[in-house]
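Colleague: Please find input.cif (mmCIF, C-alpha atoms) on the next line:
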data_start
loop_
_atom_site.label_atom_id
_atom_site.label_comp_id
_atom_site.auth_asym_id
_atom_site.auth_seq_id
_atom_site.Cartn_x
_atom_site.Cartn_y
_atom_site.Cartn_z
CA MET X 835 0.97 101.06 -54.48
CA THR X 836 -2.53 99.88 -53.60
CA PHE X 837 -3.70 100.18 -57.21
CA ARG X 838 -0.67 98.26 -58.45
CA PHE X 839 -1.29 95.52 -55.89
CA LEU X 840 -4.93 95.21 -56.95
CA PHE X 841 -3.91 95.06 -60.60
CA LEU X 842 -1.40 92.30 -59.93
CA LEU X 843 -3.96 90.41 -57.87
CA LEU X 844 -6.50 90.61 -60.69
CA PHE X 845 -3.88 89.55 -63.24
CA PHE X 846 -2.86 86.61 -61.09
CA SER X 847 -6.49 85.56 -60.54
CA LEU X 848 -7.30 85.59 -64.25
CA ASN X 849 -4.25 83.55 -65.10
CA THR X 850 -4.70 81.01 -62.31
CA ALA X 851 -8.22 80.38 -63.61
CA PHE X 852 -6.52 78.62 -66.51
CA ALA X 853 -3.55 77.30 -64.50
CA GLN X 854 -4.47 73.68 -65.13
CA LEU X 855 -5.80 74.24 -68.65
CA LYS X 856 -3.88 72.62 -71.49
CA THR X 857 -4.47 71.37 -75.02
CA ILE X 858 -4.27 67.77 -76.17
CA VAL X 859 -3.78 67.30 -79.88
CA GLY X 860 -3.36 64.14 -81.93
CA LYS X 861 -4.69 61.69 -79.37
CA THR X 862 -8.31 61.79 -80.57
CA GLU X 863 -10.05 63.00 -83.72
CA TYR X 864 -10.96 66.26 -82.02
CA PRO X 865 -8.21 68.38 -80.46
CA PHE X 866 -9.36 69.61 -77.07
CA TRP X 867 -8.75 71.75 -74.04
CA ILE X 868 -8.73 69.98 -70.70
CA ASN X 869 -8.71 71.35 -67.18
CA VAL X 870 -7.96 68.86 -64.41
CA PRO X 871 -8.54 69.79 -60.75
CA GLU X 872 -5.69 69.16 -58.33
CA THR X 873 -7.96 66.78 -56.41
CA GLU X 874 -7.92 64.39 -59.39
CA LYS X 875 -4.78 62.88 -57.87
CA THR X 876 -6.72 61.52 -54.92
CA GLU X 877 -10.42 61.64 -55.82
CA LYS X 878 -12.43 60.47 -58.80
CA GLN X 879 -13.65 63.49 -60.76
CA PRO X 880 -16.83 64.23 -62.71
CA VAL X 881 -16.32 64.99 -66.40
CA LEU X 882 -17.96 67.98 -68.11
CA ILE X 883 -17.78 68.15 -71.91
CA PHE X 884 -18.57 71.47 -73.61
CA LEU X 885 -19.45 71.49 -77.32
CA HIS X 886 -19.16 74.89 -79.02
CA GLY X 887 -21.22 76.41 -81.80
CA LYS X 888 -20.38 76.95 -85.47
CA SER X 889 -18.68 80.33 -84.99
CA LEU X 890 -15.85 78.73 -82.97
CA SER X 891 -15.12 75.99 -85.52
CA GLY X 892 -11.76 75.99 -87.26
CA THR X 893 -8.15 75.12 -86.54
CA ASP X 894 -7.30 77.82 -83.99
CA ILE X 895 -8.19 76.08 -80.75
CA ASN X 896 -7.96 79.36 -78.83
CA ARG X 897 -11.31 80.26 -80.39
CA VAL X 898 -12.99 77.79 -78.04
CA LYS X 899 -12.26 80.18 -75.14
CA ARG X 900 -14.45 82.90 -76.65
CA TYR X 901 -17.68 81.83 -74.99
CA GLY X 902 -19.26 79.11 -72.92
CA VAL X 903 -17.64 77.08 -70.17
CA LEU X 904 -14.04 78.10 -70.88
CA ARG X 905 -14.97 81.78 -70.97
CA ALA X 906 -16.73 81.39 -67.65
CA MET X 907 -13.61 79.77 -66.22
CA GLY X 908 -11.48 82.57 -67.64
CA LYS X 909 -13.63 85.02 -65.70
CA GLY X 910 -12.99 83.15 -62.48
CA ARG X 911 -15.60 80.39 -62.27
CA LYS X 912 -14.37 77.31 -60.45
CA ILE X 913 -15.82 74.10 -61.87
CA PRO X 914 -15.48 70.97 -59.71
CA ALA X 915 -14.87 68.60 -62.60
CA ILE X 916 -12.49 67.65 -65.37
CA VAL X 917 -13.57 70.11 -68.07
CA VAL X 918 -13.12 69.01 -71.67
CA ALA X 919 -13.71 71.39 -74.57
CA PRO X 920 -12.96 69.99 -78.04
CA GLN X 921 -12.81 71.96 -81.28
CA LEU X 922 -14.66 71.04 -84.43
CA ALA X 923 -12.85 71.96 -87.64
CA LYS X 924 -15.99 72.14 -89.78
CA GLY X 925 -19.37 70.50 -90.30
CA SER X 926 -21.37 68.96 -87.48
CA TRP X 927 -20.38 67.20 -84.28
CA ASN X 928 -19.94 63.46 -84.68
CA PRO X 929 -21.28 61.55 -81.63
CA ASP X 930 -18.81 58.70 -82.10
CA LYS X 931 -15.87 61.13 -82.09
CA VAL X 932 -17.21 62.76 -78.94
CA LEU X 933 -17.38 59.29 -77.38
CA GLU X 934 -13.78 58.65 -78.41
CA LEU X 935 -12.82 61.83 -76.59
CA LEU X 936 -14.73 60.81 -73.46
CA GLU X 937 -13.17 57.35 -73.44
CA TYR X 938 -9.68 58.84 -73.80
CA VAL X 939 -10.28 61.04 -70.76
CA GLN X 940 -11.72 58.14 -68.76
CA LYS X 941 -8.73 55.97 -69.62
CA ASN X 942 -6.10 58.55 -68.76
CA TYR X 943 -7.57 60.40 -65.77
CA ASN X 944 -9.14 59.52 -62.46
CA THR X 945 -12.81 59.95 -63.40
CA ASP X 946 -16.16 59.14 -61.82
CA LEU X 947 -18.05 57.06 -64.39
CA SER X 948 -21.34 57.83 -62.68
CA ARG X 949 -20.94 61.57 -63.26
CA VAL X 950 -20.44 62.44 -66.94
CA TYR X 951 -22.06 65.63 -68.21
CA VAL X 952 -22.37 67.26 -71.61
CA CYS X 953 -23.49 70.76 -72.50
CA GLY X 954 -23.53 72.78 -75.69
CA MET X 955 -24.84 75.88 -77.41
CA SER X 956 -26.23 76.31 -80.93
CA LEU X 957 -24.43 73.75 -83.14
CA GLY X 958 -23.00 72.42 -79.90
CA SER X 959 -26.54 71.96 -78.60
CA TYR X 960 -27.34 69.79 -81.62
CA GLY X 961 -24.09 67.95 -80.95
CA THR X 962 -25.04 67.43 -77.31
CA LEU X 963 -28.42 65.92 -78.17
CA HIS X 964 -27.01 63.82 -81.02
CA PHE X 965 -24.37 62.44 -78.64
CA ALA X 966 -26.91 61.82 -75.89
CA GLY X 967 -29.31 60.31 -78.41
CA LYS X 968 -26.74 57.76 -79.56
CA HIS X 969 -24.76 57.14 -76.37
CA ALA X 970 -27.19 57.89 -73.55
CA ASP X 971 -25.75 55.00 -71.55
CA LYS X 972 -22.38 56.76 -71.39
CA ILE X 973 -23.53 60.02 -69.84
CA THR X 974 -25.39 61.16 -66.75
CA ALA X 975 -27.16 64.35 -67.84
CA ALA X 976 -27.01 67.07 -70.47
CA VAL X 977 -27.85 70.73 -71.05
CA ALA X 978 -28.67 71.91 -74.57
CA ILE X 979 -29.00 75.64 -75.26
CA CYS X 980 -30.51 77.28 -78.38
CA GLY X 981 -30.24 74.27 -80.66
CA GLY X 982 -32.23 71.19 -81.53
CA GLY X 983 -31.90 67.50 -82.21
CA ASN X 984 -33.19 64.40 -83.94
CA VAL X 985 -36.80 63.60 -83.03
CA ASN X 986 -36.06 59.93 -83.78
CA ASP X 987 -33.79 59.94 -80.72
CA GLY X 988 -36.73 60.78 -78.44
CA CYS X 989 -36.88 57.44 -76.66
CA LYS X 990 -33.12 57.29 -76.07
CA LEU X 991 -33.09 60.88 -74.81
CA ALA X 992 -35.94 60.03 -72.44
CA THR X 993 -33.58 57.80 -70.43
CA ILE X 994 -31.41 60.60 -69.00
CA PRO X 995 -32.06 63.95 -67.28
CA LEU X 996 -32.08 66.80 -69.81
CA TRP X 997 -32.37 70.55 -69.48
CA ILE X 998 -33.18 72.15 -72.82
CA GLN X 999 -33.20 75.95 -72.98
CA HIS X 1000 -34.09 78.36 -75.78
CA GLY X 1001 -34.71 82.08 -76.11
CA ASP X 1002 -38.09 83.20 -77.44
CA LYS X 1003 -36.41 85.89 -79.58
CA ASP X 1004 -33.97 83.54 -81.32
CA PHE X 1005 -34.29 84.12 -85.06
CA ILE X 1006 -31.16 82.12 -85.99
CA VAL X 1007 -32.31 78.77 -84.60
CA ARG X 1008 -36.03 78.93 -83.91
CA MET X 1009 -37.32 77.83 -80.53
CA SER X 1010 -39.47 75.28 -82.34
CA GLU X 1011 -36.29 73.25 -82.97
CA SER X 1012 -35.90 72.59 -79.25
CA LYS X 1013 -39.62 72.12 -78.71
CA LYS X 1014 -39.78 69.39 -81.37
CA VAL X 1015 -37.21 67.35 -79.47
CA VAL X 1016 -38.94 67.90 -76.13
CA ASP X 1017 -42.26 66.82 -77.65
CA ALA X 1018 -40.63 63.67 -79.07
CA ILE X 1019 -39.19 62.81 -75.66
CA LYS X 1020 -42.53 63.36 -73.92
CA LYS X 1021 -44.34 61.34 -76.58
CA CYS X 1022 -42.07 58.38 -75.87
CA ASN X 1023 -42.25 58.80 -72.10
CA PRO X 1024 -44.56 61.41 -70.54
CA ASP X 1025 -42.65 61.03 -67.27
CA ALA X 1026 -39.22 61.61 -68.80
CA ASP X 1027 -36.89 63.84 -66.78
CA VAL X 1028 -36.71 66.66 -69.33
CA THR X 1029 -37.04 70.33 -68.48
CA PHE X 1030 -37.78 72.85 -71.23
CA THR X 1031 -37.03 76.44 -70.27
CA VAL X 1032 -38.09 79.34 -72.47
CA ILE X 1033 -35.90 82.39 -71.90
CA PRO X 1034 -37.94 85.59 -72.31
CA GLY X 1035 -36.09 88.02 -74.56
CA GLY X 1036 -33.36 85.48 -75.23
CA ASN X 1037 -31.79 85.68 -78.68
CA HIS X 1038 -29.17 83.43 -80.24
CA GLY X 1039 -26.30 85.24 -78.57
CA ASN X 1040 -27.33 86.60 -75.21
CA VAL X 1041 -28.27 83.17 -73.82
CA GLU X 1042 -24.51 82.61 -73.51
CA ARG X 1043 -24.92 84.22 -70.09
CA LEU X 1044 -26.30 80.91 -68.85
CA PHE X 1045 -22.75 79.54 -68.74
CA HIS X 1046 -21.87 82.24 -66.22
CA GLU X 1047 -24.71 81.45 -63.82
CA ASP X 1048 -24.77 78.92 -60.99
CA ALA X 1049 -28.03 77.29 -62.08
CA LEU X 1050 -26.58 75.35 -65.02
CA TYR X 1051 -23.74 73.81 -63.00
CA ASP X 1052 -25.82 73.25 -59.87
CA TRP X 1053 -28.38 71.30 -61.89
CA LEU X 1054 -25.81 69.24 -63.79
CA PHE X 1055 -23.65 68.25 -60.85
CA LYS X 1056 -26.54 67.13 -58.67
CA GLN X 1057 -27.37 64.45 -61.25
CA LYS X 1058 -25.78 61.06 -60.65
CA LYS X 1059 -26.21 57.65 -62.22
CA THR X 1060 -27.24 54.82 -59.94
CA GLN X 1061 -25.32 52.20 -61.92
CA THR X 1062 -22.00 50.84 -60.77
CA GLU X 1063 -18.87 51.23 -62.87
CA ASN X 1064 -19.30 47.67 -64.12
CA ASP X 1065 -22.47 48.75 -65.90
CA PHE X 1066 -20.55 51.09 -68.22
#
Represent the supplied structure as structure tokens.
Modeller:
Amino acid sequence: MTFRFLFLLLFFSLNTAFAQLKTIVGKTEYPFWINVPETEKTEKQPVLIFLHGKSLSGTDINRVKRYGVLRAMGKGRKIPAIVVAPQLAKGSWNPDKVLELLEYVQKNYNTDLSRVYVCGMSLGSYGTLHFAGKHADKITAAVAICGGGNVNDGCKLATIPLWIQHGDKDFIVRMSESKKVVDAIKKCNPDADVTFTVIPGGNHGNVERLFHEDALYDWLFKQKKTQTENDF
């Protein structure tokens, strides 16, 4: 009886982790998962956008649950924000389509415009930095893991807090790809709020563990814009 109770409790816990999770299709260019906390009814919520890597691209949106923020939630992590996880069919992330997604969420949910966060891994890391590089005024902070970006966006990227992370054993996307962006940011503004973390022994896959650790979310959610909503 005890074993059965524990099994049912575990089953219930895993399913309630996704209790608020649903898909929205046809409203924006990218279909997406969204998880809205119950407190959204009474309190403005931060928004966290997760951009996946190439291996999760396609037309089966369930693939987006395989790693990253949604996988962490599936394993029980509680995230105090509206979580948005779009799917890319093919190619690269388009920053204007990511903005369309963000604006849809801001229009239809009770969001805090001073707390908008983006994170991504691999191709999603490139997407994160491309989005931040074009629409830095729309977001608060970003985390980019095992990817890279456009060095020409250095000055725009220097205007927001960034945490760029890369494993030193990544032979799929070389660590130099992240370092080039960091160097471009620092060249534009030596005092820019950018942190570059080298993960010893990190390869292109095992750095996914970062989405299951407190550090990533603690760092993101402590960032807040000083502007008022009228500045957006």
Colleague: Closest to Val870 of chain X among X:Ala915, X:Met907, X:Leu935, X:Met1009, using all atoms listed in the file?
Modeller: X:Ala915
Colleague: So, counting all atoms listed in the file, which residue among X:Val859, X:Ile913, X:Leu963, X:Leu904 is closest to Glu872 of chain X?
Modeller: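 Counting all atoms listed in the file, the residue closest to Glu872 of chain X is X:Ile913.
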Colleague: Would you write out, as a list in words, every residue that the PyMOL selection byres ((chain X and resi 868) around 9) captures in this file?
Modeller: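 Given this file, the PyMOL selection byres ((chain X and resi 868) around 9) evaluates to Gln854, Leu855, Lys856, Thr857, Ile858, Phe866, Trp867, Asn869, Val870, Ile916, Val917, Val918, Ala919 and Pro920 of chain X.
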Colleague: X:Leu890, X:His1046, X:Thr993, X:Asn896: which is nearest Asp1025 of chain X, counting only C-alpha atoms?
Modeller: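 With only C-alpha atoms as the atom set, the closest residue is X:Thr993.
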Colleague: Might you pull out every residue within 12 Å of Lys1056 of chain X, with only C-alpha atoms counted and same-chain residues fewer than 2 positions away left off, and present them as JSON, numbers by chain?
Modeller: {"X": [880, 914, 948, 949, 950, 951, 974, 975, 976, 995, 1049, 1050, 1051, 1052, 1053, 1054, 1058, 1059]}
Colleague: Could you spell out the hits of the PyMOL selection byres ((chain X and resi 969) around 10) on the shown file, as an NGL selection string?
Modeller: :X and (929-930 or 932-933 or 963-968 or 970-973 or 990-991)
Colleague: Rank X:Val1015, X:Ala923, X:Leu936, X:Leu996 by their smallest atom-to-atom distance to Ser891 of chain X, using all atoms listed in the file, and report the top residue only.
Modeller: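 So, comparing all the options, the nearest one is X:Ala923.
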Colleague: Find, counting only C-alpha atoms, the residue in X:Asp987, X:Val1041, X:Thr962, X:Glu937 that gets nearest to Lys1020 of chain X.
Modeller: X:Asp987
